[in-house]
Amino acid sequence: MRVEAETPDVAWERRTEIPLFYLSLVFLGGYAVHVLAHAHTLWRDIATIVVGLTWLCFVVDYVVRLVLSRQRPLRFVRRHWLDTVIVILPTLRALRMVKVHDAVMAKRRDRPHRGLYPRVITYAGLTSLLLGFSGSLGLFDAERRDPQSPIQSFGDSLWCVIQTLTTVGYGDVAPVTVPGRLVATALMMFGLGLLGTVTGSFSSWLIQIFRQDDEEGPPEDGSPSGGPSVA
């Protein structure tokens with residue numbers, strides 16, 4: 001069977017996916033310090049440098065992939081629109097969790113794979129958490145400068161994001177600024193789908209387990225499953 005060789009851009013993406021994921025966690029940590037430590041000038045300046053350097057790495061990666069693909073820029077942007085959005089808003093890099101999972105599994109071919117539903121629940125759940133945390137930071141950063149906004153603390157922002165992701169919508173806390181509403185819109189678009197994937201996969205997983213139990217049924221002789229029968 002003939003195996004097609006990897007193109008240069010695919011090979012580059014496979015090799016850099018995991019390092020860039022760890023770098024995205026550094027970016028998120030720096031952004032969190034930048035937002036939450038606004039009263040401490042030194043820490044804020046350090047965090048700003050960290051955020052700028054990590055963001056520059058994402059831009060370099062995007063440009064390298066564009067060059068290696070040998071595609072026209074507009075075609076590359078159309079085919080990799082999510083990557084383009086992530087470069088502009090690196091806090092959304094958690095949406096590439098599936099590709100990170102594929103890269104990890106490619107390096108662990110000798111290890112057994114978990115079932116489909118546990119994998120979907122794990123990675124969609126982790127993506128939702130990262131997206132919710134980064135969205136809370138972005139919402140707080142956008143709203144705290146407006147005295148008319150009800151979001152004046154990170155706790156308020158986190159509460160608003162939880163309401164958005166779970167579609168509860170009490171209405172007691174909501175963004176009023178344009179950047180804040182854009183963050184909320186992004187959470188509605190991506191977060192609801194991820195959270196729905198988690199709950200839907202969990203329900204399907206439970207149904208599959210219960211169906212297997214029903215198909216096995218109790219032993220015909222009435223003895224406990226797996227135990228010796230009594231003569």
# chains A, B, ... in the order shown; residues from 1 in each chain; ligands from 1

$ residues_around --residues "Thr54 in chain A" --least-positions-apart "2" --cutoff "12 Å" --atoms "only C-alpha atoms" --output "ChimeraX atom specification"
/A:19-31,47-52,56-61,87,90-91

$ atom_distance --atom1 "CA of Ala124 in chain A" --atom2 "CA of Met188 in chain A"
15.2 Å

$ atom_distance --atom1 "CA of Pro147 in chain A" --atom2 "CA of Val161 in chain A"
19.5 Å

$ residues_around --residues "Leu130 in chain A" --least-positions-apart "2" --cutoff "12 Å" --atoms "only C-alpha atoms" --output "short mmCIF file (atom, residue, chain, number, x, y, z; two decimals) with C-alpha atoms, in the first residue's frame"
data_model
loop_
_atom_site.label_atom_id
_atom_site.label_comp_id
_atom_site.auth_asym_id
_atom_site.auth_seq_id
_atom_site.Cartn_x
_atom_site.Cartn_y
_atom_site.Cartn_z
CA PHE A 21 0.03 24.42 22.82
CA SER A 24 -0.48 29.10 24.45
CA LEU A 25 -0.72 28.21 28.15
CA LEU A 28 -2.87 32.65 28.80
CA GLY A 29 -0.96 32.89 32.09
CA ALA A 32 -4.20 36.62 33.20
CA PRO A 90 -4.75 33.89 20.65
CA THR A 91 -7.05 33.33 23.64
CA LEU A 92 -9.15 31.15 21.29
CA ARG A 93 -6.25 28.75 20.71
CA ALA A 94 -8.00 26.22 22.94
CA LEU A 95 -10.21 25.51 19.91
CA ARG A 96 -7.25 23.63 18.38
CA MET A 97 -7.43 21.03 21.17
CA TYR A 123 -11.05 17.21 25.26
CA ALA A 124 -14.28 19.13 24.66
CA GLY A 125 -14.55 19.70 28.42
CA LEU A 126 -10.96 20.91 28.68
CA THR A 127 -11.46 23.19 25.69
CA SER A 128 -14.60 24.63 27.29
CA GLY A 132 -14.36 30.05 29.50
CA PHE A 133 -11.36 31.20 31.54
CA SER A 134 -9.86 33.22 28.68
CA GLY A 135 -13.31 34.65 27.89
CA SER A 136 -13.71 35.74 31.51
CA LEU A 137 -10.38 37.55 31.35
CA VAL A 161 -19.46 33.70 31.28
CA LEU A 187 -18.50 32.55 23.66
CA PHE A 190 -18.01 28.46 20.18
CA GLY A 191 -18.72 27.77 23.84
CA LEU A 194 -18.46 22.70 22.99
#

$ residues_around --residues "Gln152 in chain A" --least-positions-apart "6" --cutoff "8 Å" --atoms "only C-alpha atoms" --output "list in words"
Phe140, Glu143 and Arg144 of chain A

$ write_last_selection --atoms "N, CA and C atoms" --output "PDB file, in the first residue's frame"
ATOM      1  N   PHE A 140     -13.686  40.812  31.472  1.00  0.00           N
ATOM      2  CA  PHE A 140     -13.336  41.691  32.582  1.00  0.00           C
ATOM      3  C   PHE A 140     -12.467  42.847  32.109  1.00  0.00           C
ATOM      4  N   GLU A 143     -14.741  45.388  30.262  1.00  0.00           N
ATOM      5  CA  GLU A 143     -15.852  46.021  30.973  1.00  0.00           C
ATOM      6  C   GLU A 143     -15.441  46.870  32.170  1.00  0.00           C
ATOM      7  N   ARG A 144     -14.301  46.575  32.768  1.00  0.00           N
ATOM      8  CA  ARG A 144     -13.966  47.237  34.033  1.00  0.00           C
ATOM      9  C   ARG A 144     -13.712  48.732  33.875  1.00  0.00           C
TER      10      ARG A 144
END

$ residues_around --residues "Asp141 in chain A" --least-positions-apart "6" --cutoff "12 Å" --atoms "only C-alpha atoms" --output "VMD selection string"
chain A and resid 31 to 38 134 to 135 149 151 to 154 156 to 158 175 177 179 to 180 183

$ atom_distance --atom1 "CA of Trp159 in chain A" --atom2 "CA of Ala186 in chain A"
16.3 Å
